[in-house]
file work.cif (mmCIF, C-alpha atoms and all ligand atoms)
data_my_file
loop_
_atom_site.label_atom_id
_atom_site.label_comp_id
_atom_site.auth_asym_id
_atom_site.auth_seq_id
_atom_site.Cartn_x
_atom_site.Cartn_y
_atom_site.Cartn_z
CA MET X 1 -8.79 -23.99 1.72
CA HIS X 2 -8.68 -21.14 4.16
CA THR X 3 -10.57 -20.85 7.33
CA VAL X 4 -11.57 -17.35 8.25
CA ALA X 5 -9.73 -16.17 11.31
CA HIS X 6 -11.90 -14.69 13.95
CA ASN X 7 -10.25 -13.11 16.90
CA SER X 8 -12.84 -12.91 19.62
CA MET X 9 -10.20 -12.02 22.22
CA LYS X 10 -11.27 -9.02 24.22
CA VAL X 11 -8.94 -6.11 23.57
CA PRO X 12 -8.30 -3.96 26.64
CA SER X 13 -9.95 -0.59 26.27
CA ARG X 14 -6.61 1.08 26.99
CA ALA X 15 -5.08 -0.47 23.86
CA LEU X 16 -8.08 0.67 21.90
CA ALA X 17 -7.85 4.16 23.34
CA GLU X 18 -4.12 4.31 22.58
CA TRP X 19 -4.64 3.17 19.06
CA VAL X 20 -7.45 5.60 18.41
CA GLU X 21 -5.42 8.38 19.95
CA TRP X 22 -2.39 7.41 17.89
CA ARG X 23 -4.34 7.48 14.66
CA ALA X 24 -6.12 10.69 15.43
CA GLY X 25 -3.04 12.45 16.72
CA ARG X 26 -0.55 11.37 14.09
CA ILE X 27 -2.56 11.35 10.94
CA ASP X 28 -6.15 12.40 10.89
CA SER X 29 -6.27 15.79 12.51
CA PRO X 30 -3.41 17.47 10.59
CA VAL X 31 -5.02 16.39 7.35
CA GLU X 32 -8.45 17.52 8.40
CA ARG X 33 -6.93 20.80 9.57
CA LEU X 34 -5.23 21.16 6.22
CA GLY X 35 -8.43 20.34 4.35
CA TYR X 36 -10.28 22.95 6.33
CA LEU X 37 -7.63 25.57 5.68
CA ARG X 38 -7.46 24.69 2.01
CA ARG X 39 -11.22 25.06 1.67
CA SER X 40 -10.98 28.38 3.49
CA ALA X 41 -8.14 29.46 1.24
CA ALA X 42 -10.13 28.53 -1.85
CA PHE X 43 -13.09 30.49 -0.55
CA TRP X 44 -11.26 33.58 0.64
CA GLY X 45 -8.14 33.41 -1.49
CA GLY X 46 -6.44 35.92 0.77
CA ARG X 47 -2.79 35.99 1.70
CA PRO X 48 -3.24 35.28 5.43
CA PHE X 49 -4.94 32.06 4.48
CA ARG X 50 -2.13 31.05 2.20
CA LYS X 51 0.28 31.64 5.07
CA ALA X 52 -1.89 29.55 7.36
CA LEU X 53 -1.93 26.84 4.70
CA MET X 54 1.87 26.79 4.57
CA ASP X 55 2.02 26.57 8.36
CA ALA X 56 -0.41 23.70 8.28
CA ARG X 57 1.78 21.86 5.78
CA ALA X 58 4.82 22.36 8.00
CA GLN X 59 2.82 21.13 10.96
CA ARG X 60 1.68 18.15 8.98
CA LEU X 61 5.31 17.32 8.16
CA SER X 62 6.31 17.47 11.79
CA ALA X 63 3.43 15.12 12.53
CA PHE X 64 4.98 12.64 10.09
CA LEU X 65 8.35 13.08 11.68
CA GLY X 66 6.84 12.36 15.06
CA PHE X 67 5.61 9.15 13.53
CA VAL X 68 8.90 8.33 11.87
CA LEU X 69 10.98 8.88 14.95
CA LEU X 70 9.14 5.93 16.46
CA LEU X 71 10.89 3.78 13.88
CA PRO X 72 14.09 2.13 15.02
CA ALA X 73 17.32 3.28 13.41
CA PRO X 74 17.51 1.37 10.15
CA MET X 75 19.73 -1.65 10.72
CA ILE X 76 22.85 0.27 11.64
CA THR X 77 22.75 -1.16 15.12
CA ASP X 78 23.15 1.37 17.81
CA GLY X 79 21.42 -0.53 20.55
CA ALA X 80 18.07 1.15 19.96
CA SER X 81 15.21 -1.30 20.33
CA PRO X 82 12.00 -0.77 18.37
CA ARG X 83 9.43 1.08 20.37
CA ASN X 84 5.93 -0.26 20.34
CA GLN X 85 3.54 1.17 17.84
CA PRO X 86 -0.05 0.32 18.67
CA VAL X 87 -1.56 -2.33 16.40
CA ALA X 88 -5.16 -2.00 15.29
CA PRO X 89 -7.12 -4.16 17.70
CA ALA X 90 -8.72 -7.04 15.87
CA ASP X 91 -12.15 -6.16 17.19
CA LEU X 92 -12.20 -2.94 15.19
CA LEU X 93 -12.75 -5.18 12.19
CA PRO X 94 -16.18 -6.73 11.79
CA ARG X 95 -16.64 -10.37 12.66
CA LEU X 96 -16.55 -12.24 9.39
CA TRP X 97 -17.31 -15.73 8.25
CA GLN X 98 -17.82 -17.69 5.07
CA VAL X 99 -21.51 -18.17 4.35
CA GLU X 100 -21.23 -20.33 1.27
CA SER X 101 -18.63 -21.99 -0.92
CA ALA X 102 -19.77 -23.16 -4.35
CA SER X 103 -17.77 -24.33 -7.35
CA ASP X 104 -17.86 -20.88 -8.94
CA HIS X 105 -18.01 -18.49 -5.97
CA GLU X 106 -17.67 -17.87 -2.24
CA LEU X 107 -19.97 -15.68 -0.17
CA TYR X 108 -19.02 -13.92 3.08
CA SER X 109 -21.05 -12.48 5.91
CA ASN X 110 -20.10 -8.88 5.09
CA GLY X 111 -21.66 -9.26 1.63
CA LEU X 112 -18.41 -9.98 -0.19
CA ARG X 113 -18.75 -12.40 -3.06
CA ILE X 114 -15.59 -13.84 -4.61
CA GLU X 115 -15.85 -15.20 -8.15
CA LYS X 116 -13.75 -18.30 -8.83
CA ARG X 117 -14.26 -18.71 -12.58
CA PHE X 118 -10.91 -17.12 -13.43
CA THR X 119 -8.70 -18.60 -10.71
CA ALA X 120 -5.35 -19.85 -12.01
CA ARG X 121 -4.39 -23.48 -11.51
CA THR X 122 -2.51 -24.01 -8.27
CA GLN X 123 1.29 -24.15 -8.38
CA GLY X 124 1.59 -25.14 -4.73
CA ALA X 125 1.66 -23.06 -1.56
CA ARG X 126 4.76 -20.93 -0.91
CA PRO X 127 5.86 -19.22 2.29
CA PHE X 128 5.50 -15.46 2.75
CA GLN X 129 8.56 -13.63 3.98
CA ARG X 130 9.70 -10.58 5.91
CA TRP X 131 12.90 -9.29 7.50
CA ARG X 132 13.50 -7.89 10.98
CA ILE X 133 14.60 -4.27 10.84
CA ASP X 134 16.83 -4.58 13.92
CA THR X 135 18.76 -7.70 12.93
CA GLY X 136 18.07 -8.16 9.21
CA ALA X 137 16.98 -11.76 9.91
CA ARG X 138 14.57 -13.29 7.39
CA GLU X 139 11.38 -14.94 8.64
CA GLU X 140 8.93 -17.16 6.78
CA SER X 141 5.25 -17.64 7.51
CA THR X 142 2.16 -19.15 5.93
CA GLU X 143 0.30 -15.83 5.97
CA PRO X 144 0.73 -12.66 3.89
CA HIS X 145 1.72 -9.50 5.76
CA GLY X 146 -0.09 -6.81 3.79
CA ILE X 147 -2.03 -5.73 0.73
CA VAL X 148 -0.74 -3.86 -2.33
CA PHE X 149 -3.43 -2.03 -4.28
CA HIS X 150 -3.02 -1.76 -8.04
CA MET X 151 -4.71 -0.30 -11.08
CA THR X 152 -4.56 -2.49 -14.17
CA GLU X 153 -4.08 0.72 -16.23
CA SER X 154 -5.81 -1.09 -19.10
CA ASP X 155 -7.77 0.73 -21.78
CA SER X 156 -11.22 1.51 -20.67
CA ILE X 157 -14.46 2.81 -22.12
CA ASP X 158 -17.08 5.06 -20.60
CA TYR X 159 -18.90 3.50 -17.70
CA ASN X 160 -22.54 3.73 -18.76
CA GLU X 161 -25.38 1.40 -19.68
CA ASP X 162 -24.95 1.82 -23.43
CA ASN X 163 -21.59 0.08 -23.02
CA ASN X 164 -22.81 -2.88 -20.93
CA LYS X 165 -21.95 -5.52 -23.49
CA GLN X 166 -18.52 -4.11 -24.24
CA LEU X 167 -17.76 -3.55 -20.54
CA ARG X 168 -18.59 -7.20 -19.81
CA ARG X 169 -16.43 -8.38 -22.70
CA LEU X 170 -13.50 -6.21 -21.56
CA SER X 171 -13.87 -7.59 -18.03
CA SER X 172 -13.71 -11.22 -19.20
CA GLY X 173 -10.73 -10.49 -21.44
CA GLN X 174 -8.93 -8.75 -18.59
CA MET X 175 -9.54 -11.63 -16.14
CA GLY X 176 -8.27 -14.16 -18.67
CA PHE X 177 -5.14 -12.09 -19.21
CA VAL X 178 -4.48 -11.60 -15.51
CA ARG X 179 -4.96 -15.31 -14.82
CA GLY X 180 -2.49 -16.20 -17.59
CA GLU X 181 0.11 -13.79 -16.23
CA ARG X 182 -0.68 -14.63 -12.59
CA ALA X 183 -0.49 -10.84 -12.26
CA TYR X 184 -2.55 -10.25 -9.07
CA HIS X 185 -4.35 -12.31 -6.44
CA PHE X 186 -7.59 -10.42 -6.93
CA VAL X 187 -9.04 -8.17 -9.60
CA ILE X 188 -12.13 -6.03 -9.03
CA ASP X 189 -13.87 -5.32 -12.33
CA ARG X 190 -15.70 -2.08 -13.02
CA PHE X 191 -19.03 -3.56 -11.91
CA GLY X 192 -17.43 -4.31 -8.52
CA ARG X 193 -17.21 -8.06 -9.09
CA VAL X 194 -14.27 -9.57 -7.18
CA PHE X 195 -12.32 -12.28 -9.01
CA ARG X 196 -9.69 -14.42 -7.31
CA THR X 197 -7.12 -14.84 -10.08
CA VAL X 198 -4.30 -16.48 -8.07
CA PRO X 199 -4.74 -18.61 -4.92
CA GLU X 200 -3.96 -16.52 -1.83
CA ASN X 201 -1.25 -18.87 -0.52
CA GLU X 202 0.79 -18.64 -3.72
CA PRO X 203 2.82 -15.70 -5.03
CA ALA X 204 1.39 -13.47 -7.77
CA ASN X 205 3.62 -11.35 -10.01
CA HIS X 206 2.22 -8.04 -8.82
CA ALA X 207 4.81 -6.12 -6.83
CA GLY X 208 8.12 -6.54 -8.70
CA ASN X 209 11.02 -4.59 -7.26
CA SER X 210 9.56 -3.08 -4.13
CA VAL X 211 10.27 -1.93 -0.58
CA TRP X 212 7.99 -1.38 2.40
CA ALA X 213 8.34 -1.43 6.19
CA ASP X 214 6.37 -1.16 9.40
CA ASP X 215 7.87 -0.51 12.81
CA LYS X 216 9.38 -3.99 13.14
CA TYR X 217 9.81 -5.54 9.72
CA PHE X 218 10.82 -4.60 6.23
CA TYR X 219 9.67 -6.22 3.01
CA VAL X 220 11.46 -6.34 -0.34
CA ASN X 221 10.32 -7.75 -3.69
CA MET X 222 6.96 -8.21 -2.18
CA ASN X 223 5.36 -10.82 -4.44
CA HIS X 224 6.32 -13.17 -1.63
CA SER X 225 5.14 -10.92 1.19
CA PHE X 226 1.90 -9.10 0.29
CA ILE X 227 -1.39 -9.89 -1.47
CA GLY X 228 -2.03 -8.02 -4.73
CA VAL X 229 -5.49 -6.48 -5.29
CA ALA X 230 -6.11 -4.68 -8.58
CA PHE X 231 -8.88 -2.33 -9.61
CA ASP X 232 -9.56 -2.65 -13.32
CA GLY X 233 -9.14 0.88 -14.60
CA GLN X 234 -6.75 3.81 -14.79
CA THR X 235 -5.12 6.00 -12.15
CA ARG X 236 -5.52 8.99 -14.44
CA GLY X 237 -8.65 8.78 -16.52
CA SER X 238 -9.75 11.36 -19.07
CA ASP X 239 -10.49 13.87 -16.29
CA GLY X 240 -7.12 13.22 -14.60
CA LYS X 241 -8.73 11.31 -11.75
CA PRO X 242 -8.85 7.58 -10.98
CA THR X 243 -11.57 5.77 -12.93
CA ALA X 244 -12.55 3.60 -9.93
CA THR X 245 -16.33 3.17 -9.72
CA GLU X 246 -18.29 3.32 -6.49
CA ALA X 247 -18.99 -0.38 -6.90
CA GLN X 248 -15.25 -1.10 -7.04
CA VAL X 249 -14.49 0.98 -3.95
CA GLN X 250 -17.26 -0.74 -1.99
CA SER X 251 -15.97 -4.18 -3.01
CA ALA X 252 -12.39 -3.18 -2.14
CA ARG X 253 -13.63 -2.28 1.34
CA LEU X 254 -15.25 -5.68 1.82
CA LEU X 255 -12.27 -7.57 0.40
CA THR X 256 -9.86 -5.58 2.60
CA GLN X 257 -12.01 -6.46 5.64
CA LEU X 258 -11.81 -10.15 4.74
CA LEU X 259 -8.06 -10.21 4.09
CA ARG X 260 -7.21 -8.18 7.18
CA THR X 261 -9.38 -10.40 9.37
CA ARG X 262 -8.21 -13.65 7.82
CA TYR X 263 -4.48 -12.86 8.03
CA ARG X 264 -4.41 -10.28 10.86
CA ILE X 265 -3.00 -7.69 8.44
CA ARG X 266 -2.18 -4.31 9.93
CA ALA X 267 -3.69 -1.18 8.39
CA VAL X 268 -0.21 0.36 8.00
CA ASN X 269 0.63 -2.47 5.61
CA CYS X 270 -2.19 -1.77 3.13
CA VAL X 271 -0.64 0.47 0.47
CA PRO X 272 -0.85 1.47 -3.20
CA HIS X 273 1.75 0.12 -5.63
CA ALA X 274 3.20 3.61 -6.28
CA GLN X 275 4.39 3.78 -2.66
CA ILE X 276 6.39 0.55 -2.72
CA SER X 277 7.69 0.31 -6.28
CA VAL X 278 11.40 0.93 -6.88
CA ASN X 279 13.86 0.76 -9.75
CA PRO X 280 17.16 -0.76 -8.54
CA SER X 281 19.01 0.12 -11.76
CA ASN X 282 18.86 3.87 -10.98
CA MET X 283 17.92 3.59 -7.27
CA GLY X 284 14.74 5.57 -7.95
CA VAL X 285 11.38 5.22 -6.22
CA GLY X 286 8.13 4.83 -8.11
CA TRP X 287 8.91 2.73 -11.16
CA HIS X 288 5.26 1.75 -11.16
CA VAL X 289 2.99 4.66 -10.40
CA ASP X 290 -0.45 3.09 -10.23
CA TRP X 291 -2.48 4.76 -7.46
CA ALA X 292 0.18 7.50 -6.99
CA SER X 293 -2.80 9.73 -6.26
CA GLY X 294 -6.44 9.44 -5.40
CA PHE X 295 -6.49 6.13 -3.55
CA PRO X 296 -9.71 6.16 -1.48
CA PHE X 297 -8.13 5.10 1.82
CA GLU X 298 -11.02 6.30 3.94
CA ALA X 299 -13.73 4.67 1.84
CA VAL X 300 -11.77 1.41 1.87
CA GLY X 301 -11.60 1.61 5.69
CA LEU X 302 -7.92 2.50 6.03
CA PRO X 303 -5.87 5.37 7.48
CA LYS X 304 -4.23 7.75 4.99
CA ASN X 305 -1.15 5.64 4.36
CA TYR X 306 0.07 8.07 1.69
CA LEU X 307 1.46 10.01 4.65
CA THR X 308 3.99 7.35 5.65
CA PRO X 309 7.55 8.48 4.81
CA LEU X 310 8.74 6.12 2.11
CA PRO X 311 10.75 3.22 3.60
CA ALA X 312 12.59 2.89 0.27
CA ILE X 313 14.18 6.26 1.08
CA THR X 314 14.65 5.92 4.85
CA LEU X 315 15.91 2.32 4.89
CA PHE X 316 17.73 1.96 1.59
CA GLY X 317 18.52 5.46 0.31
CA PHE X 318 16.39 5.42 -2.85
CA ARG X 319 15.92 8.78 -4.58
CA PHE X 320 12.92 10.36 -6.19
CA ASP X 321 12.84 12.33 -9.42
CA ASP X 322 10.58 15.03 -10.79
CA SER X 323 8.52 12.69 -12.92
CA TYR X 324 7.55 10.76 -9.80
CA ALA X 325 6.88 13.88 -7.77
CA ASN X 326 4.71 15.20 -10.62
CA VAL X 327 2.30 12.28 -10.56
CA ALA X 328 2.31 11.84 -6.77
CA SER X 329 -0.54 13.16 -4.63
CA GLU X 330 0.25 16.04 -2.30
CA GLU X 331 0.30 13.68 0.67
CA LEU X 332 2.72 11.37 -1.12
CA GLN X 333 4.96 14.34 -1.97
CA ASP X 334 5.02 15.21 1.73
CA ALA X 335 5.92 11.59 2.49
CA ILE X 336 8.87 11.88 0.09
CA SER X 337 10.08 15.07 1.82
CA ALA X 338 9.60 13.45 5.21
CA GLY X 339 11.67 10.45 4.05
CA GLU X 340 14.45 12.76 2.91
CA THR X 341 14.36 14.64 6.21
CA VAL X 342 14.63 11.40 8.17
CA LEU X 343 17.58 10.37 6.01
CA ARG X 344 19.38 13.67 6.75
CA GLN X 345 18.67 13.40 10.48
CA GLU X 346 19.90 9.81 10.62
CA ALA X 347 23.09 10.84 8.81
CA THR X 348 23.67 13.76 11.20
CA SER X 349 23.13 11.57 14.25
CA ARG X 350 25.89 9.31 12.95
CA ASN X 351 28.25 12.16 12.10
CA LEU X 352 28.01 11.28 8.42
CA SER X 353 27.24 13.40 5.41
CA THR X 354 23.88 12.61 3.83
CA ALA X 355 25.67 11.34 0.72
CA ALA X 356 27.90 9.00 2.74
CA TYR X 357 24.97 7.66 4.75
CA ARG X 358 22.95 7.16 1.57
CA ARG X 359 25.82 5.14 0.09
CA ILE X 360 25.78 2.87 3.14
CA LEU X 361 22.04 2.33 2.77
CA ILE X 362 22.30 1.65 -0.96
CA ASN X 363 25.08 -0.89 -0.38
CA ARG X 364 22.94 -2.55 2.25
CA TYR X 365 20.06 -2.82 -0.24
CA ARG X 366 22.31 -4.24 -2.96
CA ALA X 367 23.73 -6.82 -0.55
CA LEU X 368 20.30 -8.30 0.20
CA PRO X 369 20.40 -11.92 -0.98
CA GLU X 370 16.73 -11.67 -1.88
CA LEU X 371 17.46 -9.38 -4.82
CA LYS X 372 19.42 -12.04 -6.62
CA ARG X 373 16.59 -14.53 -6.38
CA GLN X 374 13.56 -12.50 -7.47
CA PRO X 375 13.71 -10.65 -10.77
CA ASP X 376 10.98 -8.14 -11.55
CA PHE X 377 8.17 -9.98 -13.34
CA SER X 378 5.52 -7.33 -13.19
CA ALA X 379 4.77 -6.27 -16.70
CA VAL X 380 1.72 -4.08 -16.28
CA SER X 381 1.46 -0.40 -15.43
CA ALA X 382 5.17 0.48 -15.44
CA ARG X 383 5.88 4.17 -15.66
CA THR X 384 7.16 3.78 -19.21
CA SER X 385 3.84 2.39 -20.43
CA ASN X 386 1.82 4.91 -18.46
CA PRO X 387 3.53 8.29 -18.57
ZN ZN F 1 0.64 -2.16 -9.94
#

call {"tool": "encode", "arguments": {"input": "work.cif", "output": "structure tokens", "more": "lines below"}}
Ligand SMILES: [Zn+2]
result
Amino acid sequence: MHTVAHNSMKVPSRALAEWVEWRAGRIDSPVERLGYLRRSAAFWGGRPFRKALMDARAQRLSAFLGFVLLLPAPMITDGASPRNQPVAPADLLPRLWQVESASDHELYSNGLRIEKRFTARTQGARPFQRWRIDTGAREESTEPHGIVFHMTESDSIDYNEDNNKQLRRLSSGQMGFVRGERAYHFVIDRFGRVFRTVPENEPANHAGNSVWADDKYFYVNMNHSFIGVAFDGQTRGSDGKPTATEAQVQSARLLTQLLRTRYRIRAVNCVPHAQISVNPSNMGVGWHVDWASGFPFEAVGLPKNYLTPLPAITLFGFRFDDSYANVASEELQDAISAGETVLRQEATSRNLSTAAYRRILINRYRALPELKRQPDFSAVSARTSNP
């Protein structure tokens, strides 16, 4: 069983200040500025506002690039060492402990209750893995490095009291299915109940072919790197918006707090599936597009990670197509453009054409030994089944 990590170490206020400044400067304010301008544009509708909106978007992009340029040059070694990117101090997360552990549930001090009735039988603990960006060396550890958020994209019915019985039956059916497939570590049903479907120290088949990176490490085929948390519902419900209920969002916040505290997971490594999913057969990003828009980062207690330029593009030369861009949120579209810009800049700095540099990156991806060992198991919510 796990013990809940509690880091009571005092974090110097300078680190806290740096981190807060980093977050505010790089991410929050451009978005807030954009939101303000967009609201103004909607209200006034005038041309000057549209111009201001465009400027804000350009500014926002340069904010991403400022962020990206902190990343070390992707594995083509040119002597550049990774610069430090502030890590969220552990004391920004609430102190958390397990209050109760019964045969059918666990209770935590932040109010999180984890249901154990649908947990799959153990298949034995397996190490989690990551690779150093500067050397390409693979490292194993006993702790996961991040969280991937999913939507089950299963059929749903209206969320109202007339449907209580059917909603409960759908929930049970869904949990049984997920347990059988070992599809995610956790599923949050529409009532906000959190079910552990696969033990946290074992892989779940949730991420399939995937790529992510922070400033120091990259992750590929992330079933063996990140924890999978699924909302039961659809990214695009009948009104085109995610069907996530308030109860689900609240539970996701509590579960994220627990997982981040327990495994010292960084906020930059908590991302929706649509941001990490890739298709190696056509080198395209976004094979799975669950949570390609509308993920409630703020309500879940996370920075807007949609804004991160896609590592699949910057590290391994993946491409995007229109069908991905069409379902992606505006922020995610900007992250795609930012990724492409980084790719061009990296090519220029090496006196290579973008095409030639992209070929190098693609060859590097295809040479990863990991790809030969981990086929894509994830069967749910592929783009084909959810156009
Ligand atoms: Zn998914």

call {"tool": "closest_atom_pairs", "arguments": {"input": "work.cif", "of": "chain X", "to": "ligand ZN 1 (chain F)", "cutoff": "7 Å", "atoms": "only C-alpha atoms and all ligand atoms", "output": "tab-separated table"}}
result
residue	atom	partner	partner_atom	distance
X:Phe149	CA	F:ZN1	ZN	7.0
X:His150	CA	F:ZN1	ZN	4.1
X:Met151	CA	F:ZN1	ZN	5.8
X:Thr152	CA	F:ZN1	ZN	6.7
X:His206	CA	F:ZN1	ZN	6.2
X:Ala207	CA	F:ZN1	ZN	6.5
X:His273	CA	F:ZN1	ZN	5.0
X:His288	CA	F:ZN1	ZN	6.2
X:Asp290	CA	F:ZN1	ZN	5.4
X:Val380	CA	F:ZN1	ZN	6.7
X:Ser381	CA	F:ZN1	ZN	5.8

call {"tool": "atom_distance", "arguments": {"input": "work.cif", "atom1": "CA of Trp97 in chain X", "atom2": "CA of Leu255 in chain X"}}
result
12.4 Å

call {"tool": "axis_aligned_box", "arguments": {"input": "work.cif", "around": "range 328-341 of chain X", "padding_each_side": "8 Å", "output": "JSON"}}
result
{"center_x": 7.0, "center_y": 13.2, "center_z": -0.3, "size_x": 31.0, "size_y": 21.6, "size_z": 29.0}

call {"tool": "residues_around", "arguments": {"input": "work.cif", "residues": "range 241-248 of chain X", "least_positions_apart": "5", "cutoff": "10 Å", "atoms": "all atoms listed in the file", "output": "MDAnalysis selection string"}}
result
chainID X and resid 151 153 156 158:159 187:194 230:236 253:254 290:296 299:300

call {"tool": "write_last_selection", "arguments": {"input": "work.cif", "atoms": "C-alpha atoms", "output": "PDB file, keeping the file's coordinate frame"}}
result
ATOM      1  CA  MET X 151      -4.710  -0.300 -11.080  1.00  0.00           C
ATOM      2  CA  GLU X 153      -4.080   0.720 -16.230  1.00  0.00           C
ATOM      3  CA  SER X 156     -11.220   1.510 -20.670  1.00  0.00           C
ATOM      4  CA  ASP X 158     -17.080   5.060 -20.600  1.00  0.00           C
ATOM      5  CA  TYR X 159     -18.900   3.500 -17.700  1.00  0.00           C
ATOM      6  CA  VAL X 187      -9.040  -8.170  -9.600  1.00  0.00           C
ATOM      7  CA  ILE X 188     -12.130  -6.030  -9.030  1.00  0.00           C
ATOM      8  CA  ASP X 189     -13.870  -5.320 -12.330  1.00  0.00           C
ATOM      9  CA  ARG X 190     -15.700  -2.080 -13.020  1.00  0.00           C
ATOM     10  CA  PHE X 191     -19.030  -3.560 -11.910  1.00  0.00           C
ATOM     11  CA  GLY X 192     -17.430  -4.310  -8.520  1.00  0.00           C
ATOM     12  CA  ARG X 193     -17.210  -8.060  -9.090  1.00  0.00           C
ATOM     13  CA  VAL X 194     -14.270  -9.570  -7.180  1.00  0.00           C
ATOM     14  CA  ALA X 230      -6.110  -4.680  -8.580  1.00  0.00           C
ATOM     15  CA  PHE X 231      -8.880  -2.330  -9.610  1.00  0.00           C
ATOM     16  CA  ASP X 232      -9.560  -2.650 -13.320  1.00  0.00           C
ATOM     17  CA  GLY X 233      -9.140   0.880 -14.600  1.00  0.00           C
ATOM     18  CA  GLN X 234      -6.750   3.810 -14.790  1.00  0.00           C
ATOM     19  CA  THR X 235      -5.120   6.000 -12.150  1.00  0.00           C
ATOM     20  CA  ARG X 236      -5.520   8.990 -14.440  1.00  0.00           C
ATOM     21  CA  ARG X 253     -13.630  -2.280   1.340  1.00  0.00           C
ATOM     22  CA  LEU X 254     -15.250  -5.680   1.820  1.00  0.00           C
ATOM     23  CA  ASP X 290      -0.450   3.090 -10.230  1.00  0.00           C
ATOM     24  CA  TRP X 291      -2.480   4.760  -7.460  1.00  0.00           C
ATOM     25  CA  ALA X 292       0.180   7.500  -6.990  1.00  0.00           C
ATOM     26  CA  SER X 293      -2.800   9.730  -6.260  1.00  0.00           C
ATOM     27  CA  GLY X 294      -6.440   9.440  -5.400  1.00  0.00           C
ATOM     28  CA  PHE X 295      -6.490   6.130  -3.550  1.00  0.00           C
ATOM     29  CA  PRO X 296      -9.710   6.160  -1.480  1.00  0.00           C
ATOM     30  CA  ALA X 299     -13.730   4.670   1.840  1.00  0.00           C
ATOM     31  CA  VAL X 300     -11.770   1.410   1.870  1.00  0.00           C
TER      32      VAL X 300
END

call {"tool": "residues_around", "arguments": {"input": "work.cif", "residues": "range 324-341 of chain X", "least_positions_apart": "4", "cutoff": "6 Å", "atoms": "all atoms listed in the file", "output": "list in words"}}
result
Ala292, Ser293, Tyr306, Leu307, Thr308, Pro309, Leu310, Ile313 and Thr314 of chain X

call {"tool": "write_last_selection", "arguments": {"input": "work.cif", "atoms": "C-alpha atoms", "output": "mmCIF file, in the frame of the given file"}}
result
data_model
loop_
_atom_site.group_PDB
_atom_site.id
_atom_site.type_symbol
_atom_site.label_atom_id
_atom_site.label_comp_id
_atom_site.auth_asym_id
_atom_site.auth_seq_id
_atom_site.Cartn_x
_atom_site.Cartn_y
_atom_site.Cartn_z
ATOM 1 C CA ALA X 292 0.180 7.500 -6.990
ATOM 2 C CA SER X 293 -2.800 9.730 -6.260
ATOM 3 C CA TYR X 306 0.070 8.070 1.690
ATOM 4 C CA LEU X 307 1.460 10.010 4.650
ATOM 5 C CA THR X 308 3.990 7.350 5.650
ATOM 6 C CA PRO X 309 7.550 8.480 4.810
ATOM 7 C CA LEU X 310 8.740 6.120 2.110
ATOM 8 C CA ILE X 313 14.180 6.260 1.080
ATOM 9 C CA THR X 314 14.650 5.920 4.850
#

call {"tool": "residues_around", "arguments": {"input": "work.cif", "residues": "Arg319 in chain X", "least_positions_apart": "6", "cutoff": "8 Å", "atoms": "all atoms listed in the file", "output": "number ranges by chain"}}
result
X: 283-285, 313

call {"tool": "closest_residue", "arguments": {"input": "work.cif", "among": "X:Val148, X:Ala274, X:Ala356, X:Met222", "to": "Arg130 in chain X", "atoms": "all atoms listed in the file"}}
result
X:Met222

call {"tool": "atom_distance", "arguments": {"input": "work.cif", "atom1": "CA of Ala355 in chain X", "atom2": "CA of Arg138 in chain X"}}
result
27.8 Å

call {"tool": "closest_residue", "arguments": {"input": "work.cif", "among": "X:Phe118, X:Cys270, X:Pro127, X:Val342", "to": "Ser171 in chain X", "atoms": "all atoms listed in the file"}}
result
X:Phe118

call {"tool": "closest_residue", "arguments": {"input": "work.cif", "among": "X:Gly176, X:Pro303, X:Gly286, X:Pro272", "to": "Lys116 in chain X", "atoms": "only C-alpha atoms"}}
result
X:Gly176

call {"tool": "closest_residue", "arguments": {"input": "work.cif", "among": "X:Thr119, X:Asn351, X:Asn205, X:Thr142", "to": "Tyr263 in chain X", "atoms": "only C-alpha atoms"}}
result
X:Thr142
